[in-house]
file final-v9.cif (mmCIF, C-alpha atoms)
data_start
#
loop_
_atom_site.label_atom_id
_atom_site.label_comp_id
_atom_site.auth_asym_id
_atom_site.auth_seq_id
_atom_site.Cartn_x
_atom_site.Cartn_y
_atom_site.Cartn_z
CA MET F 228 -94.03 -210.66 26.59
CA THR F 229 -95.97 -210.09 23.37
CA PHE F 230 -98.14 -212.73 21.79
CA ASP F 231 -99.19 -213.30 18.19
CA GLN F 232 -102.82 -212.84 17.18
CA THR F 233 -103.74 -216.52 17.46
CA THR F 234 -102.34 -216.66 20.98
CA GLN F 235 -104.04 -213.41 21.96
CA ARG F 236 -107.37 -214.78 20.74
CA ALA F 237 -106.80 -217.97 22.72
CA LEU F 238 -105.77 -215.98 25.79
CA ARG F 239 -108.95 -213.90 25.56
CA ARG F 240 -110.96 -217.13 25.38
CA LEU F 241 -109.15 -218.55 28.42
CA ILE F 242 -109.64 -215.42 30.52
CA LEU F 243 -113.33 -215.24 29.65
CA SER F 244 -113.73 -218.95 30.36
CA LEU F 245 -112.18 -218.58 33.81
CA ALA F 246 -113.86 -215.27 34.65
CA ASP F 247 -117.33 -216.30 33.45
CA SER F 248 -117.04 -219.59 35.30
CA LYS F 249 -116.06 -217.80 38.49
CA ARG F 250 -118.96 -215.40 38.14
CA LEU F 251 -121.44 -218.20 37.47
CA MET F 252 -119.98 -220.29 40.29
CA GLY F 253 -120.61 -217.36 42.63
CA ILE F 254 -124.22 -217.17 41.47
CA ARG F 255 -124.71 -220.90 41.99
CA TYR F 256 -123.21 -220.65 45.51
CA SER F 257 -125.40 -217.64 46.25
CA ASP F 258 -128.49 -219.78 45.70
CA TRP F 259 -127.47 -221.71 48.82
CA LEU F 260 -126.95 -218.85 51.28
CA LEU F 261 -130.33 -219.86 52.62
CA GLY F 262 -131.31 -223.50 52.49
CA ALA F 263 -127.87 -225.00 53.02
CA PRO F 264 -127.75 -227.89 55.51
CA SER F 265 -126.66 -225.63 58.41
CA ILE F 266 -126.15 -221.98 59.24
CA GLU F 267 -122.39 -222.47 59.11
CA THR F 268 -122.63 -224.03 55.64
CA GLY F 269 -124.74 -221.12 54.42
CA ILE F 270 -122.18 -218.63 55.77
CA ALA F 271 -119.40 -220.58 54.04
CA ALA F 272 -121.41 -220.51 50.78
CA SER F 273 -121.84 -216.75 51.19
CA SER F 274 -118.12 -216.27 51.70
CA MET F 275 -117.24 -218.50 48.75
CA CYS F 276 -119.68 -216.54 46.62
CA GLN F 277 -117.82 -213.34 47.50
CA ASP F 278 -114.49 -215.03 46.75
CA GLU F 279 -115.69 -216.18 43.33
CA TRP F 280 -116.99 -212.75 42.37
CA GLY F 281 -113.75 -211.15 43.50
CA HIS F 282 -111.79 -213.64 41.43
CA ALA F 283 -114.02 -212.98 38.44
CA ARG F 284 -113.44 -209.25 38.70
CA LEU F 285 -109.66 -209.74 38.82
CA LEU F 286 -109.78 -212.08 35.84
CA TYR F 287 -111.97 -209.75 33.74
CA SER F 288 -109.50 -206.95 34.47
CA MET F 289 -106.77 -208.98 32.73
CA LEU F 290 -108.59 -208.28 29.44
CA LYS F 291 -107.15 -204.76 29.66
CA ASP F 292 -103.74 -206.28 28.99
CA LEU F 293 -105.13 -207.46 25.66
CA GLY F 294 -106.53 -204.03 24.82
CA ASP F 295 -110.15 -205.00 25.64
CA ASP F 296 -112.72 -203.21 27.80
CA PRO F 297 -113.44 -205.41 30.85
CA GLY F 298 -116.67 -203.48 31.52
CA ALA F 299 -118.10 -204.51 28.18
CA ALA F 300 -117.16 -208.12 28.84
CA GLU F 301 -118.85 -208.04 32.22
CA HIS F 302 -122.02 -206.18 31.38
CA GLU F 303 -122.78 -206.24 27.67
CA ARG F 304 -122.49 -209.78 26.34
CA PRO F 305 -125.55 -211.86 25.42
CA ASP F 306 -126.24 -215.20 27.10
CA ASP F 307 -124.82 -217.23 24.23
CA ALA F 308 -121.48 -215.40 24.43
CA TYR F 309 -120.73 -216.70 27.93
CA HIS F 310 -117.69 -218.96 28.09
CA SER F 311 -118.44 -220.52 31.49
CA VAL F 312 -118.12 -224.29 31.84
CA ASP F 313 -121.14 -226.45 31.06
CA PRO F 314 -122.08 -227.70 34.57
CA LEU F 315 -122.81 -224.09 35.59
CA ASP F 316 -125.47 -223.62 32.89
CA ALA F 317 -128.29 -224.45 35.31
CA PRO F 318 -128.76 -224.04 39.08
CA PHE F 319 -127.56 -226.88 41.27
CA PRO F 320 -130.74 -228.82 42.09
CA ASP F 321 -129.69 -230.09 45.53
CA TRP F 322 -126.90 -229.85 48.11
CA ALA F 323 -125.21 -232.99 46.75
CA ALA F 324 -124.85 -231.23 43.38
CA VAL F 325 -123.36 -228.18 45.14
CA VAL F 326 -120.80 -230.44 46.79
CA ALA F 327 -120.02 -232.18 43.49
CA GLY F 328 -119.67 -228.75 41.89
CA MET F 329 -117.26 -227.61 44.59
CA VAL F 330 -115.09 -230.67 43.98
CA LEU F 331 -115.36 -231.13 40.23
CA VAL F 332 -116.00 -227.64 38.82
CA ASP F 333 -114.18 -225.47 41.35
CA GLY F 334 -111.46 -228.15 41.38
CA ALA F 335 -111.00 -227.93 37.61
CA LEU F 336 -110.89 -224.14 37.78
CA TYR F 337 -108.21 -224.45 40.47
CA VAL F 338 -106.09 -226.75 38.30
CA ALA F 339 -106.40 -224.42 35.30
CA LEU F 340 -105.63 -221.32 37.38
CA ASP F 341 -102.65 -223.01 38.97
CA GLY F 342 -101.26 -223.73 35.50
CA PHE F 343 -102.08 -220.18 34.38
CA SER F 344 -100.23 -218.73 37.39
CA ARG F 345 -97.04 -220.58 36.42
CA GLY F 346 -97.03 -219.49 32.78
CA THR F 347 -95.73 -216.57 30.77
CA PHE F 348 -98.74 -214.21 31.05
CA GLU F 349 -97.44 -211.80 33.68
CA PRO F 350 -100.79 -210.56 35.10
CA ALA F 351 -101.69 -214.16 35.94
CA THR F 352 -98.41 -214.82 37.70
CA THR F 353 -98.97 -211.85 40.03
CA ARG F 354 -102.75 -211.96 40.61
CA VAL F 355 -103.73 -215.62 40.58
CA PRO F 356 -101.72 -216.95 43.57
CA LYS F 357 -103.94 -215.07 46.06
CA MET F 358 -107.00 -216.63 44.44
CA LEU F 359 -105.46 -220.06 44.81
CA ALA F 360 -104.77 -219.42 48.50
CA GLU F 361 -108.44 -218.52 49.06
CA GLU F 362 -109.53 -221.56 47.10
CA GLU F 363 -107.77 -223.85 49.56
CA PHE F 364 -110.62 -223.26 52.03
CA HIS F 365 -113.12 -224.17 49.29
CA GLU F 366 -111.23 -227.39 48.69
CA SER F 367 -111.22 -228.26 52.39
CA LEU F 368 -114.96 -227.78 52.61
CA ALA F 369 -115.60 -229.60 49.34
CA THR F 370 -113.48 -232.59 50.24
CA ALA F 371 -114.96 -232.98 53.72
CA TRP F 372 -118.53 -232.75 52.45
CA TYR F 373 -117.93 -235.06 49.49
CA ARG F 374 -116.48 -237.76 51.75
CA ARG F 375 -119.35 -237.35 54.20
CA LEU F 376 -122.01 -237.75 51.53
CA ALA F 377 -120.18 -240.59 49.80
CA THR F 378 -119.99 -242.55 53.04
CA SER F 379 -123.42 -241.48 54.26
CA ALA F 380 -125.92 -244.06 55.42
CA SER F 381 -128.45 -242.36 53.14
CA ASP F 382 -128.86 -244.05 49.75
CA GLU F 383 -130.59 -240.91 48.52
CA ALA F 384 -127.59 -238.72 49.37
CA LYS F 385 -125.18 -241.15 47.72
CA GLY F 386 -127.42 -241.44 44.67
CA LEU F 387 -127.64 -237.67 44.20
CA LEU F 388 -123.87 -237.31 44.60
CA ASP F 389 -123.25 -240.13 42.15
CA ALA F 390 -125.60 -238.60 39.55
CA ALA F 391 -124.05 -235.14 39.87
CA THR F 392 -120.55 -236.58 39.65
CA ARG F 393 -121.31 -238.55 36.50
CA ALA F 394 -122.92 -235.49 34.89
CA MET F 395 -120.08 -233.06 35.69
CA LEU F 396 -116.98 -235.12 34.96
CA PRO F 397 -117.33 -235.50 31.15
CA PRO F 398 -117.54 -231.76 30.37
CA MET F 399 -114.84 -230.84 32.90
CA LEU F 400 -112.45 -233.42 31.46
CA ALA F 401 -113.21 -232.07 27.97
CA TRP F 402 -112.55 -228.51 29.16
CA LEU F 403 -109.19 -229.26 30.77
CA GLY F 404 -108.16 -231.71 28.07
CA ALA F 405 -108.93 -229.53 25.04
CA GLU F 406 -106.25 -229.68 22.38
CA ASP F 407 -107.78 -227.45 19.72
CA GLU F 408 -105.89 -224.67 17.94
CA GLY F 409 -106.41 -222.15 20.76
CA ALA F 410 -105.30 -224.52 23.51
CA MET F 411 -102.23 -225.56 21.54
CA ALA F 412 -101.30 -221.92 20.91
CA LEU F 413 -101.36 -221.22 24.66
CA VAL F 414 -99.15 -224.23 25.33
CA ALA F 415 -96.72 -223.18 22.59
CA ALA F 416 -96.49 -219.68 24.08
CA GLY F 417 -95.90 -221.07 27.57
CA VAL F 418 -99.11 -219.49 28.89
CA MET F 419 -100.58 -222.83 29.94
CA PRO F 420 -99.19 -226.31 30.60
CA PRO F 421 -100.03 -229.12 28.17
CA ALA F 422 -103.58 -230.45 28.43
CA ALA F 423 -102.29 -233.88 29.44
CA ASP F 424 -100.62 -232.33 32.50
CA LEU F 425 -103.79 -230.48 33.49
CA VAL F 426 -105.89 -233.62 33.14
CA ALA F 427 -103.37 -235.68 35.12
CA SER F 428 -103.36 -233.10 37.89
CA TYR F 429 -107.17 -233.00 37.94
CA LYS F 430 -107.47 -236.77 38.04
CA ALA F 431 -105.00 -236.98 40.90
CA ARG F 432 -107.03 -234.38 42.77
CA VAL F 433 -110.55 -235.74 42.25
CA GLY F 434 -109.97 -239.40 41.40
CA PRO F 435 -109.72 -240.72 44.98
CA LEU F 436 -112.83 -238.78 45.97
CA VAL F 437 -115.09 -239.88 43.11
CA ALA F 438 -113.99 -243.47 43.66
CA GLY F 439 -116.04 -243.12 46.84
CA VAL F 440 -119.22 -243.23 44.75
CA GLY F 441 -117.85 -245.96 42.47
CA VAL F 442 -116.67 -243.71 39.63
CA ASP F 443 -113.36 -244.59 37.95
CA VAL F 444 -112.12 -241.26 36.64
CA ASP F 445 -110.02 -243.03 33.98
CA SER F 446 -113.12 -244.72 32.57
CA VAL F 447 -115.22 -241.59 32.11
CA THR F 448 -116.18 -240.84 28.51
CA VAL F 449 -115.12 -237.26 27.81
CA ALA F 450 -117.85 -234.98 26.41
CA ALA F 451 -117.52 -234.86 22.62
CA GLU F 452 -119.40 -231.72 21.59
CA TRP F 453 -117.13 -228.68 21.54
CA ASP F 454 -117.55 -225.01 20.72
CA ALA F 455 -114.02 -223.87 19.81
CA VAL F 456 -114.99 -220.19 19.87
CA ARG F 457 -115.90 -220.26 23.55
CA GLY F 458 -113.83 -223.27 24.66
CA ARG F 459 -116.75 -225.22 26.10
CA GLY F 460 -119.66 -227.39 24.99
CA PRO F 461 -122.67 -226.06 23.10
CA GLY F 462 -125.31 -224.26 25.14
CA HIS F 463 -125.06 -221.41 27.61
CA PRO F 464 -126.13 -220.42 31.12
CA ASP F 465 -129.83 -219.84 31.78
CA SER F 466 -131.12 -216.33 31.12
CA ASP F 467 -131.80 -215.57 34.77
CA ALA F 468 -128.19 -216.30 35.72
CA CYS F 469 -126.86 -214.18 32.85
CA GLU F 470 -129.09 -211.28 33.87
CA ARG F 471 -127.69 -211.55 37.39
CA ALA F 472 -124.12 -211.88 36.10
CA ARG F 473 -124.44 -208.78 33.93
CA GLY F 474 -126.44 -206.85 36.54
CA ASP F 475 -129.13 -206.01 33.97
CA ARG F 476 -132.06 -205.34 36.23
CA ASN F 477 -130.77 -202.35 38.14
CA ARG F 478 -127.98 -201.23 35.91
CA MET F 479 -129.85 -198.03 35.10
CA LEU F 480 -129.55 -197.04 38.77
CA PHE F 481 -125.77 -197.32 38.71
CA VAL F 482 -124.44 -193.78 38.98
CA GLU F 483 -120.77 -193.12 38.39
CA MET B 144 -125.54 -236.43 59.97
CA ARG B 145 -124.02 -235.76 63.38
CA GLU B 146 -122.32 -232.46 64.13
CA PHE B 147 -120.03 -231.47 66.97
CA VAL B 148 -119.36 -228.22 68.78
CA TYR B 149 -115.98 -226.59 68.15
CA ASP B 150 -114.87 -223.52 70.08
CA VAL B 151 -113.06 -220.83 68.14
CA PHE B 152 -110.07 -218.95 69.54
CA ALA B 153 -108.18 -216.15 67.84
CA ARG B 154 -105.79 -213.26 68.29
CA LYS B 155 -105.27 -210.14 66.22
CA GLU B 156 -101.58 -209.59 66.94
CA ARG B 157 -98.59 -211.77 67.65
CA GLY B 158 -98.07 -211.88 71.41
CA GLU B 159 -101.72 -211.19 72.30
CA PRO B 160 -103.45 -213.91 74.26
CA LEU B 161 -105.81 -216.14 72.33
CA ALA B 162 -109.39 -215.11 73.03
CA HIS B 163 -112.52 -217.21 72.80
CA ILE B 164 -114.53 -215.56 70.00
CA GLY B 165 -117.34 -218.04 69.44
CA TYR B 166 -118.18 -221.53 68.30
CA VAL B 167 -119.33 -223.48 65.25
CA ASP B 168 -121.20 -226.71 64.76
CA ALA B 169 -119.29 -228.88 62.28
CA LEU B 170 -119.11 -232.38 60.87
CA ASP B 171 -115.42 -232.80 61.61
CA ASP B 172 -112.13 -230.95 62.15
CA GLU B 173 -111.82 -229.93 58.50
CA THR B 174 -115.27 -228.40 58.17
CA ALA B 175 -114.77 -226.74 61.58
CA ARG B 176 -111.64 -224.98 60.22
CA VAL B 177 -113.55 -223.66 57.21
CA TYR B 178 -116.69 -222.67 59.12
CA ALA B 179 -114.66 -220.83 61.74
CA TRP B 180 -112.58 -218.93 59.19
CA LYS B 181 -115.62 -218.02 57.11
CA THR B 182 -117.93 -217.21 60.02
CA TYR B 183 -115.56 -215.06 62.08
CA ASP B 184 -113.89 -213.25 59.21
CA GLU B 185 -114.76 -209.69 60.22
CA GLN B 186 -111.27 -209.22 61.71
CA ASN B 187 -107.87 -209.59 60.14
CA TRP B 188 -106.78 -212.36 62.49
CA PHE B 189 -103.13 -213.11 63.06
CA GLU B 190 -104.02 -216.58 64.29
CA MET B 191 -107.16 -218.62 64.66
CA CYS B 192 -107.68 -222.14 65.91
CA VAL B 193 -110.59 -224.42 66.70
CA VAL B 194 -110.87 -226.87 69.56
CA PRO B 195 -113.43 -229.63 69.84
CA ARG B 196 -115.45 -228.76 72.94
CA SER B 197 -115.10 -232.38 74.00
CA ALA B 198 -111.36 -231.78 74.40
CA ILE B 199 -111.86 -228.97 76.91
CA ILE B 200 -111.79 -230.27 80.45
CA PRO B 201 -113.45 -227.99 83.01
CA VAL B 202 -111.24 -227.54 86.03
CA ASN B 203 -113.08 -225.79 88.81
CA ARG B 204 -116.75 -225.77 87.86
CA ASP B 205 -119.13 -227.75 85.74
CA ASP B 206 -121.68 -225.02 84.93
CA GLY B 207 -119.49 -222.91 82.62
CA PRO B 208 -120.01 -222.58 78.85
CA PHE B 209 -117.34 -225.16 78.00
CA ALA B 210 -119.02 -227.80 80.10
CA LYS B 211 -122.01 -227.74 77.73
CA GLY B 212 -122.17 -229.60 74.43
CA ARG B 213 -119.23 -231.87 75.20
CA GLY B 214 -120.57 -234.53 72.85
CA GLY B 215 -117.24 -235.76 71.50
CA ALA B 216 -115.80 -234.86 68.12
CA SER B 217 -114.85 -237.27 65.41
#
call {"tool": "encode", "arguments": {"input": "final-v9.cif", "output": "structure tokens"}}
result
Amino acid sequence: MTFDQTTQRALRRLILSLADSKRLMGIRYSDWLLGAPSIETGIAASSMCQDEWGHARLLYSMLKDLGDDPGAAEHERPDDAYHSVDPLDAPFPDWAAVVAGMVLVDGALYVALDGFSRGTFEPATTRVPKMLAEEEFHESLATAWYRRLATSASDEAKGLLDAATRAMLPPMLAWLGAEDEGAMALVAAGVMPPAADLVASYKARVGPLVAGVGVDVDSVTVAAEWDAVRGRGPGHPDSDACERARGDRNRMLFVE
Amino acid sequence: MREFVYDVFARKERGEPLAHIGYVDALDDETARVYAWKTYDEQNWFEMCVVPRSAIIPVNRDDGPFAKGRGGAS
């Protein structure tokens, strides 16, 4: 299927948004390979990090179908060109934030990818289902940990989870619920489902969990600030994360 | 937060007997599934399952590995 220029531009934005988010998610998980609550949790974080980077690589490669160079997208963009979702701009400060990120950020990426895999962009229909299958283990871990922390006897744990949840929901609802020109073009071309469907799916997925810390997902005020070029809020990931994402530091040692 | 011991069993091919390949400490059945799959992922397993150690009942001796850590899973 061929797409008009507006749709191609929107598709490029969507792919970069998903790929950059996956790459940043992997970096944020990698910070917890050591220091997670148990050895098993650290191993799971390590494995999820590998999954996310693999998914990012597959998503970047879809840019070839739009005539772009995936290598340039991966290694040559400045920090402020990253399209990753807002909650990944800074490291997760504590394990409760990691758990909230698994549920609310990885969960939103799952919902978007699921919609993408059912649309008219052929590379997504063939490559995304395997990602979704791997993500089911992430969801299992996320859900179990979220419930544990939400019902924990520790007020500190519940407080940290509550704070992270309230910080992450507004930008993720804005991201899934965007109805700007690019998002509408993708819906019109059948590449993505309508935003209302994505939001409904997301709320059904995370709503019962966040209710555990007293958050009503229908009452959350959606983040208002929006950068239509990158399909996210203003701001960008911290420089250290972008350097790691691009592989700046030792790129000169990469020999083809 | 209390954790429980889960023993991990797996087989590489259909028809092979399940073998005990290790254990994980986990909060509950769900985290045990994930930890087992992520920890023992060096093989392309045909089947893997986890069993709470508390569910394993020693038959002929009480000094074997499965008699230890039988704390009771959630």
call {"tool": "residues_around", "arguments": {"input": "final-v9.cif", "residues": "range 170-177 of chain B", "least_positions_apart": "6", "cutoff": "8 Å", "atoms": "only C-alpha atoms", "output": "mmCIF file with C-alpha atoms, keeping the file's coordinate frame"}}
result
data_model
loop_
_atom_site.group_PDB
_atom_site.id
_atom_site.type_symbol
_atom_site.label_atom_id
_atom_site.label_comp_id
_atom_site.auth_asym_id
_atom_site.auth_seq_id
_atom_site.Cartn_x
_atom_site.Cartn_y
_atom_site.Cartn_z
ATOM 1 C CA ALA F 271 -119.400 -220.580 54.040
ATOM 2 C CA PHE F 364 -110.620 -223.260 52.030
ATOM 3 C CA HIS F 365 -113.120 -224.170 49.290
ATOM 4 C CA SER F 367 -111.220 -228.260 52.390
ATOM 5 C CA LEU F 368 -114.960 -227.780 52.610
ATOM 6 C CA ALA F 371 -114.960 -232.980 53.720
ATOM 7 C CA TRP F 372 -118.530 -232.750 52.450
ATOM 8 C CA MET B 144 -125.540 -236.430 59.970
ATOM 9 C CA ARG B 145 -124.020 -235.760 63.380
ATOM 10 C CA GLU B 146 -122.320 -232.460 64.130
ATOM 11 C CA PHE B 147 -120.030 -231.470 66.970
ATOM 12 C CA TYR B 149 -115.980 -226.590 68.150
ATOM 13 C CA CYS B 192 -107.680 -222.140 65.910
ATOM 14 C CA VAL B 193 -110.590 -224.420 66.700
ATOM 15 C CA PRO B 195 -113.430 -229.630 69.840
ATOM 16 C CA ALA B 216 -115.800 -234.860 68.120
ATOM 17 C CA SER B 217 -114.850 -237.270 65.410
#
call {"tool": "resolve_selection", "arguments": {"input": "final-v9.cif", "expression": "the PyMOL selection byres ((chain F) within 12 of (chain B))", "output": "count of residues only"}}
result
36
call {"tool": "resolve_selection", "arguments": {"input": "final-v9.cif", "expression": "the PyMOL selection byres ((chain B and resi 191) around 8)", "output": "PDB file with C-alpha atoms, in the frame of the given file"}}
result
ATOM      1  CA  VAL B 151    -113.060-220.830  68.140  1.00  0.00           C
ATOM      2  CA  PHE B 152    -110.070-218.950  69.540  1.00  0.00           C
ATOM      3  CA  ALA B 153    -108.180-216.150  67.840  1.00  0.00           C
ATOM      4  CA  ARG B 154    -105.790-213.260  68.290  1.00  0.00           C
ATOM      5  CA  TRP B 180    -112.580-218.930  59.190  1.00  0.00           C
ATOM      6  CA  TRP B 188    -106.780-212.360  62.490  1.00  0.00           C
ATOM      7  CA  PHE B 189    -103.130-213.110  63.060  1.00  0.00           C
ATOM      8  CA  GLU B 190    -104.020-216.580  64.290  1.00  0.00           C
ATOM      9  CA  CYS B 192    -107.680-222.140  65.910  1.00  0.00           C
ATOM     10  CA  VAL B 193    -110.590-224.420  66.700  1.00  0.00           C
TER      11      VAL B 193
END
call {"tool": "axis_aligned_box", "arguments": {"input": "final-v9.cif", "around": "range 278-282 of chain F", "padding_each_side": "8 Å", "output": "AutoDock Vina command-line options"}}
result
--center_x -114.4 --center_y -213.7 --center_z 44.1 --size_x 21.2 --size_y 21.0 --size_z 21.3
call {"tool": "residues_around", "arguments": {"input": "final-v9.cif", "residues": "Arg457 in chain F", "least_positions_apart": "6", "cutoff": "12 Å", "atoms": "all atoms listed in the file", "output": "PyMOL selection string"}}
result
chain F and resi 236-245+247-248+307-313+402+405+407+409-410+463
call {"tool": "residues_around", "arguments": {"input": "final-v9.cif", "residues": "range 317-331 of chain F", "least_positions_apart": "5", "cutoff": "9 Å", "atoms": "all atoms listed in the file", "output": "MDAnalysis selection string"}}
result
chainID F and resid 252 254:256 258:259 262:264 336 365:366 368:370 372:373 376 384:392 395:396 399 429 432:433 436 463:465 468
call {"tool": "resolve_selection", "arguments": {"input": "final-v9.cif", "expression": "the PyMOL selection byres ((chain F and resi 294-303) around 12)", "output": "PyMOL selection string"}}
result
chain F and resi 235-236+238-240+242-244+246-247+249-251+280+283-293+304-310+469-479
call {"tool": "write_last_selection", "arguments": {"input": "final-v9.cif", "atoms": "C-alpha atoms", "output": "short mmCIF file (atom, residue, chain, number, x, y, z; two decimals), in the coordinates of the input"}}
result
data_model
loop_
_atom_site.label_atom_id
_atom_site.label_comp_id
_atom_site.auth_asym_id
_atom_site.auth_seq_id
_atom_site.Cartn_x
_atom_site.Cartn_y
_atom_site.Cartn_z
CA GLN F 235 -104.04 -213.41 21.96
CA ARG F 236 -107.37 -214.78 20.74
CA LEU F 238 -105.77 -215.98 25.79
CA ARG F 239 -108.95 -213.90 25.56
CA ARG F 240 -110.96 -217.13 25.38
CA ILE F 242 -109.64 -215.42 30.52
CA LEU F 243 -113.33 -215.24 29.65
CA SER F 244 -113.73 -218.95 30.36
CA ALA F 246 -113.86 -215.27 34.65
CA ASP F 247 -117.33 -216.30 33.45
CA LYS F 249 -116.06 -217.80 38.49
CA ARG F 250 -118.96 -215.40 38.14
CA LEU F 251 -121.44 -218.20 37.47
CA TRP F 280 -116.99 -212.75 42.37
CA ALA F 283 -114.02 -212.98 38.44
CA ARG F 284 -113.44 -209.25 38.70
CA LEU F 285 -109.66 -209.74 38.82
CA LEU F 286 -109.78 -212.08 35.84
CA TYR F 287 -111.97 -209.75 33.74
CA SER F 288 -109.50 -206.95 34.47
CA MET F 289 -106.77 -208.98 32.73
CA LEU F 290 -108.59 -208.28 29.44
CA LYS F 291 -107.15 -204.76 29.66
CA ASP F 292 -103.74 -206.28 28.99
CA LEU F 293 -105.13 -207.46 25.66
CA ARG F 304 -122.49 -209.78 26.34
CA PRO F 305 -125.55 -211.86 25.42
CA ASP F 306 -126.24 -215.20 27.10
CA ASP F 307 -124.82 -217.23 24.23
CA ALA F 308 -121.48 -215.40 24.43
CA TYR F 309 -120.73 -216.70 27.93
CA HIS F 310 -117.69 -218.96 28.09
CA CYS F 469 -126.86 -214.18 32.85
CA GLU F 470 -129.09 -211.28 33.87
CA ARG F 471 -127.69 -211.55 37.39
CA ALA F 472 -124.12 -211.88 36.10
CA ARG F 473 -124.44 -208.78 33.93
CA GLY F 474 -126.44 -206.85 36.54
CA ASP F 475 -129.13 -206.01 33.97
CA ARG F 476 -132.06 -205.34 36.23
CA ASN F 477 -130.77 -202.35 38.14
CA ARG F 478 -127.98 -201.23 35.91
CA MET F 479 -129.85 -198.03 35.10
#
call {"tool": "atom_distance", "arguments": {"input": "final-v9.cif", "atom1": "CA of Gly417 in chain F", "atom2": "CA of Gly460 in chain F"}}
result
24.7 Å
call {"tool": "atom_distance", "arguments": {"input": "final-v9.cif", "atom1": "CA of Asp454 in chain F", "atom2": "CA of Pro398 in chain F"}}
result
11.8 Å
call {"tool": "closest_residue", "arguments": {"input": "final-v9.cif", "among": "B:Pro201, B:Ile164, B:Pro208, B:Lys155", "to": "Asn187 in chain B", "atoms": "only C-alpha atoms"}}
result
B:Lys155
call {"tool": "atom_distance", "arguments": {"input": "final-v9.cif", "atom1": "CA of Leu425 in chain F", "atom2": "CA of Leu403 in chain F"}}
result
6.2 Å
